[in-house]
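Shown next: structure.csv, given as CSV, C-alpha atoms and all ligand atoms.
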```
chain,number,residue,atom,x,y,z
A,1,MET,CA,16.0,-88.7,-63.3
A,2,THR,CA,18.4,-86.5,-61.4
A,3,ILE,CA,19.7,-88.2,-58.2
A,4,LYS,CA,23.1,-87.8,-56.5
A,5,LYS,CA,25.6,-90.5,-56.9
A,6,ASN,CA,27.6,-92.3,-54.2
A,7,LYS,CA,31.1,-92.8,-55.7
A,8,SER,CA,32.2,-95.4,-53.2
A,9,SER,CA,33.6,-98.6,-54.6
A,10,ALA,CA,33.0,-102.0,-53.0
A,11,SER,CA,36.1,-103.6,-54.6
A,12,SER,CA,38.6,-101.5,-52.7
A,13,PHE,CA,36.9,-102.7,-49.5
A,14,PHE,CA,37.4,-106.5,-49.6
A,15,ASN,CA,39.5,-107.8,-46.8
A,16,PRO,CA,39.2,-111.4,-45.8
A,17,LYS,CA,40.0,-110.6,-42.2
A,18,GLN,CA,36.9,-108.5,-41.9
A,19,ILE,CA,34.0,-110.9,-41.4
A,20,THR,CA,30.8,-109.3,-40.4
A,21,LYS,CA,28.2,-111.9,-41.4
A,22,CYS,CA,28.2,-115.7,-41.3
A,23,THR,CA,25.6,-118.3,-41.8
A,24,LEU,CA,25.7,-121.8,-40.2
A,25,PHE,CA,23.9,-124.7,-41.8
A,26,VAL,CA,22.9,-126.7,-38.7
A,27,THR,CA,21.1,-129.3,-40.8
A,28,HIS,CA,20.5,-130.2,-44.5
A,29,GLU,CA,17.3,-131.9,-43.6
A,30,CYS,CA,13.9,-130.2,-44.1
A,31,ASN,CA,10.3,-131.1,-43.5
A,32,LEU,CA,9.3,-129.1,-46.6
A,33,ARG,CA,10.0,-129.5,-50.3
A,34,CYS,CA,9.7,-126.0,-51.7
A,35,GLN,CA,9.4,-125.7,-55.5
A,36,TYR,CA,12.4,-123.4,-55.8
A,37,CYS,CA,14.7,-124.8,-53.1
A,38,TYR,CA,18.4,-124.9,-54.0
A,39,ILE,CA,19.5,-126.9,-50.9
A,40,GLU,CA,20.0,-130.7,-51.2
A,41,LYS,CA,18.1,-132.5,-48.5
A,42,LYS,CA,20.3,-135.0,-46.7
A,43,ASN,CA,20.8,-136.4,-43.2
A,44,ALA,CA,23.7,-134.1,-42.3
A,45,VAL,CA,23.9,-132.0,-39.1
A,46,MET,CA,26.6,-129.7,-37.7
A,47,SER,CA,28.4,-131.3,-34.8
A,48,LEU,CA,29.4,-129.2,-31.8
A,49,ASP,CA,33.1,-129.7,-32.6
A,50,VAL,CA,32.5,-128.2,-36.1
A,51,ALA,CA,30.4,-125.4,-34.6
A,52,GLN,CA,33.1,-124.5,-32.2
A,53,LYS,CA,35.7,-124.3,-35.0
A,54,VAL,CA,33.3,-122.1,-37.0
A,55,VAL,CA,32.7,-119.8,-34.0
A,56,ASP,CA,36.4,-119.5,-33.2
A,57,PHE,CA,37.2,-118.7,-36.9
A,58,VAL,CA,34.5,-116.1,-37.3
A,59,PHE,CA,35.4,-114.3,-34.1
A,60,GLN,CA,39.1,-114.4,-35.0
A,61,LYS,CA,38.3,-112.7,-38.4
A,62,ASN,CA,35.9,-110.2,-37.0
A,63,PRO,CA,37.5,-106.8,-36.2
A,64,LYS,CA,37.2,-105.9,-32.5
A,65,ASP,CA,34.8,-103.0,-32.8
A,66,TRP,CA,32.8,-104.3,-35.7
A,67,LYS,CA,29.3,-105.9,-35.5
A,68,LEU,CA,28.9,-109.6,-36.2
A,69,GLU,CA,25.7,-111.2,-37.6
A,70,ILE,CA,25.4,-114.9,-37.0
A,71,GLY,CA,22.5,-116.7,-38.7
A,72,PHE,CA,21.2,-120.2,-38.4
A,73,PHE,CA,20.0,-121.7,-41.7
A,74,GLY,CA,19.4,-125.0,-43.4
A,75,GLY,CA,17.4,-127.1,-44.3
A,76,GLU,CA,15.0,-126.2,-41.5
A,77,PRO,CA,17.2,-125.2,-38.6
A,78,LEU,CA,14.5,-125.6,-35.9
A,79,LEU,CA,14.5,-129.4,-36.6
A,80,GLU,CA,17.7,-129.1,-34.7
A,81,PHE,CA,16.5,-126.7,-31.9
A,82,GLU,CA,18.4,-128.5,-29.1
A,83,ARG,CA,21.6,-128.2,-31.2
A,84,ILE,CA,21.0,-124.5,-31.8
A,85,LYS,CA,20.7,-124.0,-28.1
A,86,LEU,CA,24.1,-125.5,-27.5
A,87,ILE,CA,25.7,-123.5,-30.4
A,88,VAL,CA,24.2,-120.3,-29.0
A,89,GLU,CA,25.9,-121.2,-25.7
A,90,LEU,CA,29.2,-121.7,-27.6
A,91,ILE,CA,28.8,-118.3,-29.2
A,92,LYS,CA,28.0,-116.6,-25.9
A,93,ASN,CA,30.8,-118.3,-24.1
A,94,HIS,CA,33.4,-117.0,-26.6
A,95,SER,CA,35.8,-114.5,-25.1
A,96,ALA,CA,35.2,-112.0,-27.9
A,97,TYR,CA,31.4,-112.2,-27.5
A,98,SER,CA,29.4,-109.2,-26.4
A,99,SER,CA,25.7,-108.7,-26.8
A,100,SER,CA,26.2,-105.2,-28.3
A,101,LYS,CA,28.5,-106.7,-30.9
A,102,VAL,CA,26.8,-109.9,-32.0
A,103,SER,CA,23.3,-110.4,-33.4
A,104,ILE,CA,22.0,-113.9,-33.9
A,105,SER,CA,19.1,-114.9,-36.1
A,106,ILE,CA,17.2,-118.0,-37.1
A,107,ASN,CA,15.6,-118.4,-40.6
A,108,SER,CA,12.8,-120.8,-40.3
A,109,ASN,CA,10.2,-122.1,-42.8
A,110,GLY,CA,7.5,-121.3,-40.1
A,111,THR,CA,6.3,-124.9,-39.6
A,112,ILE,CA,7.9,-125.3,-36.2
A,113,PHE,CA,7.1,-122.9,-33.4
A,114,ASN,CA,6.1,-123.2,-29.7
A,115,LYS,CA,6.5,-121.4,-26.4
A,116,GLU,CA,9.8,-123.1,-25.6
A,117,ILE,CA,11.3,-121.8,-28.9
A,118,SER,CA,9.9,-118.3,-28.4
A,119,ASP,CA,11.1,-118.1,-24.8
A,120,PHE,CA,14.6,-119.2,-25.9
A,121,MET,CA,14.8,-116.7,-28.7
A,122,LEU,CA,13.5,-113.9,-26.5
A,123,SER,CA,15.8,-114.6,-23.6
A,124,ASN,CA,18.8,-114.7,-26.0
A,125,ASP,CA,17.8,-111.7,-28.1
A,126,ILE,CA,17.6,-113.8,-31.3
A,127,VAL,CA,16.0,-112.4,-34.4
A,128,PHE,CA,13.4,-114.8,-35.7
A,129,CYS,CA,12.6,-114.7,-39.5
A,130,VAL,CA,9.9,-116.8,-41.2
A,131,SER,CA,9.2,-117.7,-44.8
A,132,CYS,CA,5.7,-117.6,-46.2
A,133,ASP,CA,4.8,-117.1,-49.9
A,134,GLY,CA,1.3,-115.6,-49.2
A,135,PRO,CA,-2.2,-116.9,-49.0
A,136,GLN,CA,-3.1,-120.6,-49.2
A,137,LYS,CA,-3.4,-120.7,-53.0
A,138,MET,CA,0.3,-119.7,-53.2
A,139,GLN,CA,1.8,-121.2,-50.1
A,140,ASP,CA,0.2,-124.6,-50.6
A,141,VAL,CA,1.6,-124.8,-54.2
A,142,THR,CA,5.1,-123.5,-53.6
A,143,ARG,CA,5.8,-124.7,-50.1
A,144,LYS,CA,4.6,-128.2,-49.5
A,145,TYR,CA,5.5,-130.8,-46.9
A,146,LYS,CA,7.6,-133.8,-47.9
A,147,ASN,CA,4.3,-135.8,-48.2
A,148,GLY,CA,2.9,-133.3,-50.7
A,149,GLN,CA,0.5,-131.6,-48.2
A,150,GLY,CA,0.3,-127.8,-48.1
A,151,SER,CA,1.9,-126.0,-45.2
A,152,SER,CA,-0.3,-122.9,-45.3
A,153,ALA,CA,-2.5,-123.7,-42.2
A,154,THR,CA,0.4,-124.4,-39.9
A,155,VAL,CA,2.6,-121.5,-41.1
A,156,GLU,CA,-0.3,-119.0,-40.8
A,157,LYS,CA,-1.1,-120.2,-37.3
A,158,ASN,CA,2.6,-120.0,-36.3
A,159,ILE,CA,3.0,-116.5,-37.8
A,160,GLN,CA,0.1,-115.2,-35.8
A,161,GLU,CA,1.4,-116.8,-32.6
A,162,ALA,CA,4.9,-115.5,-33.3
A,163,LEU,CA,3.7,-112.0,-33.8
A,164,LEU,CA,2.5,-112.0,-30.2
A,165,TYR,CA,6.1,-112.3,-29.1
A,166,PHE,CA,7.9,-110.7,-32.0
A,167,PRO,CA,5.7,-107.8,-33.3
A,168,PHE,CA,8.3,-106.9,-35.9
A,169,LEU,CA,8.7,-110.5,-37.1
A,170,PRO,CA,10.3,-110.4,-40.6
A,171,VAL,CA,8.5,-112.5,-43.1
A,172,ASN,CA,10.1,-113.5,-46.4
A,173,ALA,CA,8.0,-114.2,-49.4
A,174,VAL,CA,9.4,-115.6,-52.7
A,175,TYR,CA,7.6,-114.9,-55.9
A,176,SER,CA,8.2,-116.4,-59.3
A,177,ASP,CA,7.1,-116.0,-63.0
A,178,GLN,CA,4.0,-118.0,-62.0
A,179,THR,CA,3.1,-115.9,-58.9
A,180,LEU,CA,4.3,-112.4,-59.9
A,181,GLN,CA,0.8,-111.2,-60.6
A,182,TYR,CA,-0.4,-112.1,-57.1
A,183,LEU,CA,2.4,-110.1,-55.3
A,184,PRO,CA,0.0,-107.4,-54.1
A,185,GLN,CA,-2.3,-110.1,-52.7
A,186,THR,CA,0.7,-111.6,-50.8
A,187,VAL,CA,1.4,-108.2,-49.2
A,188,ASP,CA,-2.3,-107.8,-48.3
A,189,TYR,CA,-2.4,-111.2,-46.8
A,190,LEU,CA,0.6,-110.7,-44.7
A,191,VAL,CA,-0.5,-107.3,-43.5
A,192,ASN,CA,-3.9,-108.7,-42.5
A,193,LEU,CA,-2.1,-111.3,-40.4
A,194,GLY,CA,-0.4,-108.4,-38.6
A,195,VAL,CA,3.0,-108.6,-40.3
A,196,LYS,CA,4.8,-105.2,-40.5
A,197,ASN,CA,8.2,-106.3,-41.9
A,198,ILE,CA,7.7,-107.9,-45.3
A,199,TYR,CA,10.6,-109.1,-47.5
A,200,LEU,CA,9.8,-109.9,-51.1
A,201,ASN,CA,12.3,-112.0,-53.0
A,202,PRO,CA,12.1,-113.0,-56.7
A,203,ASP,CA,12.9,-116.6,-57.4
A,204,ILE,CA,16.2,-116.1,-59.2
A,205,SER,CA,16.2,-119.4,-60.9
A,206,ALA,CA,12.6,-119.2,-62.2
A,207,LYS,CA,11.9,-119.1,-65.9
A,208,TRP,CA,11.3,-115.3,-66.2
A,209,THR,CA,10.0,-114.2,-69.6
A,210,GLN,CA,9.9,-110.9,-71.5
A,211,SER,CA,6.2,-110.8,-70.7
A,212,ASN,CA,7.0,-110.9,-66.9
A,213,ALA,CA,9.5,-108.1,-67.4
A,214,GLU,CA,6.8,-106.0,-69.0
A,215,GLN,CA,4.6,-106.6,-65.9
A,216,PHE,CA,7.2,-105.4,-63.4
A,217,PRO,CA,6.5,-101.7,-63.6
A,218,GLU,CA,2.8,-102.1,-63.1
A,219,ILE,CA,2.9,-104.7,-60.3
A,220,TYR,CA,5.7,-102.9,-58.4
A,221,GLY,CA,3.7,-99.7,-58.9
A,222,VAL,CA,0.7,-101.3,-57.2
A,223,LEU,CA,3.0,-102.3,-54.3
A,224,ALA,CA,4.2,-98.7,-54.1
A,225,GLU,CA,0.7,-97.4,-53.9
A,226,THR,CA,-0.1,-99.8,-51.1
A,227,TYR,CA,3.1,-98.7,-49.3
A,228,ILE,CA,2.2,-95.0,-49.6
A,229,GLN,CA,-1.3,-95.5,-48.3
A,230,PHE,CA,0.0,-97.3,-45.2
A,231,TYR,CA,2.3,-94.3,-44.5
A,232,LEU,CA,-0.5,-91.8,-45.0
A,233,GLN,CA,-2.7,-93.8,-42.6
A,234,GLY,CA,0.0,-93.6,-40.0
A,235,LYS,CA,0.6,-97.4,-40.2
A,236,PRO,CA,3.9,-97.8,-42.1
A,237,LYS,CA,4.9,-101.2,-43.2
A,238,PHE,CA,8.4,-102.2,-44.3
A,239,ILE,CA,8.2,-103.6,-47.8
A,240,SER,CA,11.8,-104.6,-48.8
A,241,LEU,CA,11.5,-104.0,-52.5
A,242,ILE,CA,10.3,-100.5,-52.1
A,243,ASP,CA,12.1,-99.4,-48.9
A,244,ASN,CA,15.5,-100.7,-49.7
A,245,LYS,CA,15.6,-99.1,-53.1
A,246,MET,CA,14.3,-95.8,-51.7
A,247,SER,CA,17.1,-95.8,-49.1
A,248,ILE,CA,19.7,-96.4,-51.8
A,249,ILE,CA,18.4,-93.6,-54.0
A,250,LEU,CA,18.3,-91.2,-51.1
A,251,ARG,CA,21.8,-92.2,-50.1
A,252,GLY,CA,23.1,-91.6,-53.6
A,253,GLY,CA,23.8,-95.2,-54.5
A,254,TYR,CA,25.1,-98.5,-53.0
A,255,GLY,CA,28.1,-97.9,-50.7
A,256,PRO,CA,30.6,-100.5,-49.6
A,257,PHE,CA,28.5,-101.8,-46.7
A,258,ASP,CA,25.3,-101.9,-48.8
A,259,ARG,CA,26.9,-104.3,-51.2
A,260,CYS,CA,27.3,-107.9,-50.4
A,261,ARG,CA,30.8,-108.9,-49.5
A,262,MET,CA,30.4,-112.5,-50.2
A,263,GLY,CA,33.5,-114.6,-49.9
A,264,SER,CA,35.4,-112.0,-47.8
A,265,GLY,CA,33.2,-110.2,-45.3
A,266,GLU,CA,30.4,-112.7,-45.5
A,267,LEU,CA,30.7,-116.5,-45.4
A,268,ALA,CA,28.5,-119.5,-45.0
A,269,PHE,CA,29.5,-122.8,-43.3
A,270,GLY,CA,28.2,-126.2,-44.3
A,271,THR,CA,27.6,-129.0,-41.7
A,272,THR,CA,31.1,-130.4,-42.0
A,273,GLY,CA,32.8,-127.0,-41.9
A,274,ASN,CA,33.0,-126.4,-45.7
A,275,VAL,CA,33.2,-122.7,-46.4
A,276,TYR,CA,31.1,-121.0,-49.0
A,277,PRO,CA,30.9,-117.3,-50.0
A,278,CYS,CA,27.2,-117.0,-49.4
A,279,GLU,CA,24.4,-119.2,-48.0
A,280,ARG,CA,22.7,-119.2,-51.5
A,281,LEU,CA,25.8,-121.0,-52.8
A,282,VAL,CA,26.0,-123.9,-50.4
A,283,GLY,CA,23.6,-126.0,-52.5
A,284,PHE,CA,24.7,-129.6,-52.3
A,285,ASP,CA,27.5,-128.9,-49.9
A,286,ASP,CA,29.7,-131.3,-51.9
A,287,GLY,CA,32.9,-129.4,-50.9
A,288,LYS,CA,33.6,-128.6,-54.5
A,289,THR,CA,31.1,-126.3,-56.3
A,290,ASN,CA,31.6,-122.8,-54.9
A,291,CYS,CA,33.5,-124.1,-52.0
A,292,MET,CA,36.4,-122.1,-50.5
A,293,GLY,CA,37.9,-124.8,-48.3
A,294,ASN,CA,37.1,-126.2,-44.9
A,295,VAL,CA,37.4,-124.5,-41.5
A,296,VAL,CA,38.0,-127.8,-39.6
A,297,ASP,CA,41.1,-128.9,-41.6
A,298,GLY,CA,42.2,-125.3,-42.0
A,299,THR,CA,42.2,-125.3,-45.8
A,300,ILE,CA,40.2,-122.1,-46.1
A,301,LYS,CA,42.0,-119.5,-48.1
A,302,PRO,CA,39.7,-116.5,-48.4
A,303,ALA,CA,42.5,-114.3,-49.5
A,304,SER,CA,43.0,-116.3,-52.6
A,305,CYS,CA,39.3,-116.8,-53.3
A,306,LYS,CA,38.3,-115.7,-56.7
A,307,ILE,CA,34.6,-115.7,-55.8
A,308,VAL,CA,34.1,-112.1,-54.9
A,309,PRO,CA,31.3,-109.9,-56.3
A,310,SER,CA,32.3,-107.2,-58.7
A,311,ALA,CA,30.4,-104.9,-60.9
A,312,ALA,CA,28.7,-106.8,-63.7
A,313,THR,CA,30.7,-107.4,-66.9
A,314,ASN,CA,27.6,-106.8,-69.2
A,315,THR,CA,28.6,-104.1,-71.6
A,316,GLU,CA,25.2,-102.3,-71.1
A,317,CYS,CA,26.0,-101.7,-67.4
A,318,SER,CA,29.0,-99.5,-68.0
A,319,GLN,CA,26.9,-97.0,-69.8
A,320,CYS,CA,23.7,-97.4,-67.7
A,321,GLY,CA,22.5,-94.4,-65.7
A,322,PHE,CA,21.0,-96.9,-63.2
A,323,SER,CA,24.3,-98.6,-62.4
A,324,GLU,CA,24.9,-96.9,-59.0
A,325,TYR,CA,21.4,-98.0,-57.8
A,326,CYS,CA,21.4,-101.5,-59.4
A,327,MET,CA,22.1,-104.8,-57.7
A,328,ASN,CA,24.1,-106.0,-60.7
A,329,TRP,CA,26.9,-106.8,-58.2
A,330,CYS,CA,24.9,-109.6,-56.5
A,331,GLY,CA,27.2,-112.6,-57.3
A,332,CYS,CA,24.8,-115.3,-56.1
A,333,THR,CA,21.8,-113.9,-58.0
A,334,ASN,CA,24.0,-113.7,-61.1
A,335,TYR,CA,25.3,-117.2,-60.6
A,336,HIS,CA,21.9,-118.7,-60.2
A,337,SER,CA,20.4,-116.9,-63.1
A,338,THR,CA,23.3,-116.9,-65.7
A,339,GLY,CA,25.9,-119.3,-64.2
A,340,SER,CA,28.4,-116.5,-63.8
A,341,TYR,CA,29.1,-114.3,-60.7
A,342,ASP,CA,29.4,-111.2,-62.7
A,343,MET,CA,26.9,-111.5,-65.6
A,344,VAL,CA,23.5,-110.1,-65.0
A,345,SER,CA,20.4,-111.8,-66.5
A,346,ALA,CA,17.8,-110.0,-68.6
A,347,PHE,CA,15.3,-110.6,-65.8
A,348,MET,CA,17.5,-109.0,-63.1
A,349,CYS,CA,18.1,-106.0,-65.4
A,350,ALA,CA,14.4,-105.5,-66.0
A,351,HIS,CA,13.6,-106.0,-62.4
A,352,GLU,CA,16.1,-103.5,-61.2
A,353,ARG,CA,15.1,-100.9,-63.8
A,354,ALA,CA,11.5,-101.2,-62.8
A,355,MET,CA,12.3,-101.1,-59.0
A,356,ILE,CA,14.6,-98.0,-59.3
A,357,ASN,CA,11.9,-96.1,-61.3
A,358,VAL,CA,9.1,-97.1,-58.9
A,359,ALA,CA,11.2,-96.2,-55.8
A,360,TYR,CA,12.1,-92.8,-57.3
A,361,GLN,CA,8.5,-92.0,-58.1
A,362,THR,CA,7.5,-93.1,-54.5
A,363,ILE,CA,10.1,-90.7,-53.0
A,364,GLN,CA,8.6,-87.9,-55.2
A,365,ARG,CA,5.1,-88.7,-54.2
A,366,MET,CA,5.9,-89.0,-50.5
A,367,ASN,CA,7.8,-85.7,-50.6
A,368,GLY,CA,4.6,-84.2,-52.2
A,369,TYR,CA,2.6,-85.5,-49.2
A,370,GLY,CA,5.1,-84.0,-46.8
A,371,VAL,CA,6.2,-87.3,-45.4
A,372,ASP,CA,9.5,-87.0,-43.6
A,373,LEU,CA,11.9,-89.4,-45.4
A,374,SER,CA,15.0,-88.7,-43.3
A,375,HIS,CA,14.7,-92.1,-41.6
A,376,HIS,CA,15.1,-93.8,-45.0
A,377,VAL,CA,18.6,-92.5,-45.4
A,378,GLN,CA,19.8,-95.0,-42.8
A,379,GLY,CA,16.8,-97.4,-43.2
A,380,THR,CA,13.1,-97.0,-42.3
A,381,PRO,CA,11.8,-96.4,-38.8
A,382,LEU,CA,10.8,-100.1,-38.7
A,383,VAL,CA,14.3,-101.2,-39.7
A,384,ASN,CA,15.8,-99.0,-37.0
A,385,VAL,CA,13.6,-100.7,-34.4
A,386,VAL,CA,14.6,-104.1,-35.6
A,387,THR,CA,18.3,-103.3,-35.7
A,388,ASN,CA,18.4,-101.7,-32.3
A,389,PHE,CA,16.2,-103.9,-30.3
A,390,GLY,CA,16.0,-107.3,-32.0
A,391,ASN,CA,12.6,-108.1,-33.3
A,392,ARG,CA,10.7,-107.8,-30.1
B,1,LIG,S1,11.9,-124.7,-46.2
B,1,LIG,FE1,13.8,-123.8,-47.0
B,1,LIG,S2,15.3,-125.6,-47.0
B,1,LIG,FE2,13.2,-126.4,-46.7
B,1,LIG,S3,12.6,-127.0,-48.8
B,1,LIG,FE3,11.8,-124.9,-48.4
B,1,LIG,S4,13.4,-123.5,-49.2
B,1,LIG,FE4,14.3,-125.6,-49.0
B,2,LIG,S1,19.8,-101.7,-64.9
B,2,LIG,FE1,20.6,-103.3,-66.3
B,2,LIG,S2,22.1,-102.3,-67.6
B,2,LIG,FE2,21.7,-100.9,-65.9
B,2,LIG,S3,23.3,-101.4,-64.4
B,2,LIG,FE3,21.5,-102.6,-63.9
B,2,LIG,S4,21.8,-104.6,-64.9
B,2,LIG,FE4,23.2,-103.1,-65.8
```
Show me, as structure tokens, the structure contained in the file I just sent.
Ligand code: SF4
Ligand code: SF4
Amino acid sequence: MTIKKNKSSASSFFNPKQITKCTLFVTHECNLRCQYCYIEKKNAVMSLDVAQKVVDFVFQKNPKDWKLEIGFFGGEPLLEFERIKLIVELIKNHSAYSSSKVSISINSNGTIFNKEISDFMLSNDIVFCVSCDGPQKMQDVTRKYKNGQGSSATVEKNIQEALLYFPFLPVNAVYSDQTLQYLPQTVDYLVNLGVKNIYLNPDISAKWTQSNAEQFPEIYGVLAETYIQFYLQGKPKFISLIDNKMSIILRGGYGPFDRCRMGSGELAFGTTGNVYPCERLVGFDDGKTNCMGNVVDGTIKPASCKIVPSAATNTECSQCGFSEYCMNWCGCTNYHSTGSYDMVSAFMCAHERAMINVAYQTIQRMNGYGVDLSHHVQGTPLVNVVTNFGNR
């Protein structure tokens, strides 16, 4: 295929002083036991003293005129709703805070939602994100409560209620080698609930096989067809796998800000202030594995951290025509699938090849239908709405 290339390099851009994204683990406890969870469940919560240190550190390292994303994560963060309220107050009381600079989000498993929570999020312009793996036959297998019961009925009800307050509610669905074939059903299910903003994420630690890899083009092709039909009906939906790759192709490849800057521009903070390069690398929060130091005792040394993403070291990548459009640089995906930050797995390579091809064909087909794709250069119309106005 002939597509223009973006020559920007991420590696020249790393600067530990330029934090634009951080994730706070307010708790390691969770009421679910999802099949693929990589977080250890334990009775550990972030104290307000630790939160204050994290907030001070992050504002200090965030350049004055740059945006700052602060996310609450866990465990299930809404188990600690009262604590989140106080931490949001700490953030808003910081001298460097301004509403145009800082965006706050909460990533929830969707089992906890009520009017008080939605009122708080709306009045504080907090972006609410929920996880749901699809219809009952998937959700009740992959995302069970501690006692083994399925969470589908509660999460479905909460998503429907949340959509009344947050029409652009982002919903994350994880798919694995076992559920790949049902991905189109997951999208249909979420759309029927009224979800417009759908994020599809492969379980990177699943046991992906060659046979799965051979299914990617067909299944992603079905998603693309659904995506195109929504557009032609005048009811576009954001489907992350398709939209994100289309944007990257139209922009000529991943630029510095498209690539993750884990360990330098992006950090995650455990409950005791341990610092990690990415929320997907907190895991047990033992202060050792993947840990860059601790913000409370001041041992953090991001400048000397070796954990930065770089182009993959696989020999195939250096000669691959897809390399500018491929997420082979995603250090945490590589780590979870191969044990090395810069080694891509066969699964990821097959997934990326299929996605790039499907997104390219989608662009061509939409061009053929006369659909204006100019919004996709910066993100889709839906993404622009979410970015500019929160998810209301
Ligand atoms: S809801 Fe999140 S933290 Fe809880 S078990 Fe599932 S993946 Fe893990
Ligand atoms: S498609 Fe595969 S070979 Fe090509 S850059 Fe990506 S991971 Fe490397």
message = The residues within 12 Å of (35.7, -116.7, -31.4), using only C-alpha atoms and the coordinates of the file, should be reported as JSON, numbers by chain; which are they?
response = {"A": [19, 51, 52, 53, 54, 55, 56, 57, 58, 59, 60, 61, 62, 63, 64, 68, 70, 90, 91, 92, 93, 94, 95, 96, 97, 98, 102]}
Please, could you write that set of residues out with C-alpha atoms as a short mmCIF file (atom, residue, chain, number, x, y, z; two decimals), in the coordinates of the input?
```cif
data_model
loop_
_atom_site.label_atom_id
_atom_site.label_comp_id
_atom_site.auth_asym_id
_atom_site.auth_seq_id
_atom_site.Cartn_x
_atom_site.Cartn_y
_atom_site.Cartn_z
CA ILE A 19 34.00 -110.90 -41.40
CA ALA A 51 30.40 -125.40 -34.60
CA GLN A 52 33.10 -124.50 -32.20
CA LYS A 53 35.70 -124.30 -35.00
CA VAL A 54 33.30 -122.10 -37.00
CA VAL A 55 32.70 -119.80 -34.00
CA ASP A 56 36.40 -119.50 -33.20
CA PHE A 57 37.20 -118.70 -36.90
CA VAL A 58 34.50 -116.10 -37.30
CA PHE A 59 35.40 -114.30 -34.10
CA GLN A 60 39.10 -114.40 -35.00
CA LYS A 61 38.30 -112.70 -38.40
CA ASN A 62 35.90 -110.20 -37.00
CA PRO A 63 37.50 -106.80 -36.20
CA LYS A 64 37.20 -105.90 -32.50
CA LEU A 68 28.90 -109.60 -36.20
CA ILE A 70 25.40 -114.90 -37.00
CA LEU A 90 29.20 -121.70 -27.60
CA ILE A 91 28.80 -118.30 -29.20
CA LYS A 92 28.00 -116.60 -25.90
CA ASN A 93 30.80 -118.30 -24.10
CA HIS A 94 33.40 -117.00 -26.60
CA SER A 95 35.80 -114.50 -25.10
CA ALA A 96 35.20 -112.00 -27.90
CA TYR A 97 31.40 -112.20 -27.50
CA SER A 98 29.40 -109.20 -26.40
CA VAL A 102 26.80 -109.90 -32.00
#
```
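Compared by their closest atoms to ligand LIG 2 (chain B), and using all atoms listed in the file, the residues A:Phe113, A:Tyr189, A:Tyr220, A:Phe347 rank with A:Phe347 nearest.
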ask   = Skipping near chain neighbours, those fewer than 2 positions away, what residues fall within 9 Å of Phe128 of chain A using all atoms listed in the file, listed as a ChimeraX atom specification?
value = /A:104-108,118,121,126,130,162,166,169-170,390-391
query = Which of these, A:Cys326, A:Val371, A:Leu190, A:Leu180, has the shortest distance to Gln136 of chain A once you count all atoms listed in the file?
reply =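 With all atoms listed in the file as the atom set, the closest residue is A:Leu190.
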ask   = Which value, in Å to one decimal, gives the distance between atom CA of Leu164 of chain A and atom CA of Lys196 of chain A?
value =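 Straight-line distance from atom CA of Leu164 of chain A to atom CA of Lys196 of chain A works out to 12.6 Å.
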request  = Return the single residue from A:Tyr254, A:Tyr145, A:Phe322, A:Trp66 that is closest to ligand LIG 1 (chain B), with distances computed using all atoms listed in the file.
outcome  = A:Tyr145
Atomic distance atom S2 of ligand LIG 2 (chain B) - atom CA of Cys349 of chain A, expressed in Å with one decimal =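 Atom-to-atom, atom S2 of ligand LIG 2 (chain B) and atom CA of Cys349 of chain A are spaced 5.9 Å apart.
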key: For atom CA of Val377 of chain A and atom CA of Thr226 of chain A, the interatomic separation in Å (one decimal)   = 20.9 Å
inquiry  = Give me, as a ChimeraX atom specification, the set of residues whose atoms come within 12 Å of any atom of ligand LIG 1 (chain B), counting only C-alpha atoms and all ligand atoms.
reply    = /A:25-42,72-79,106-112,129-133,139-146,148,150-151,155,172-174,203,279-280,282-284
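Taking all atoms listed in the file into account, every polymer residue with at least one atom at most 6 Å away from ligand LIG 2 (chain B) is listed here: Glu316, Cys317, Cys320, Phe322, Ser323, Cys326, Asn328, Val344, Cys349, Glu352 and Arg353 of chain A.
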ask   = Which of these residues is nearest to Phe238 of chain A, using all atoms listed in the file: A:Leu281, A:Val295, A:Val195, A:Leu267?
value =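 Smallest separation from Phe238 of chain A among the options: A:Val195.
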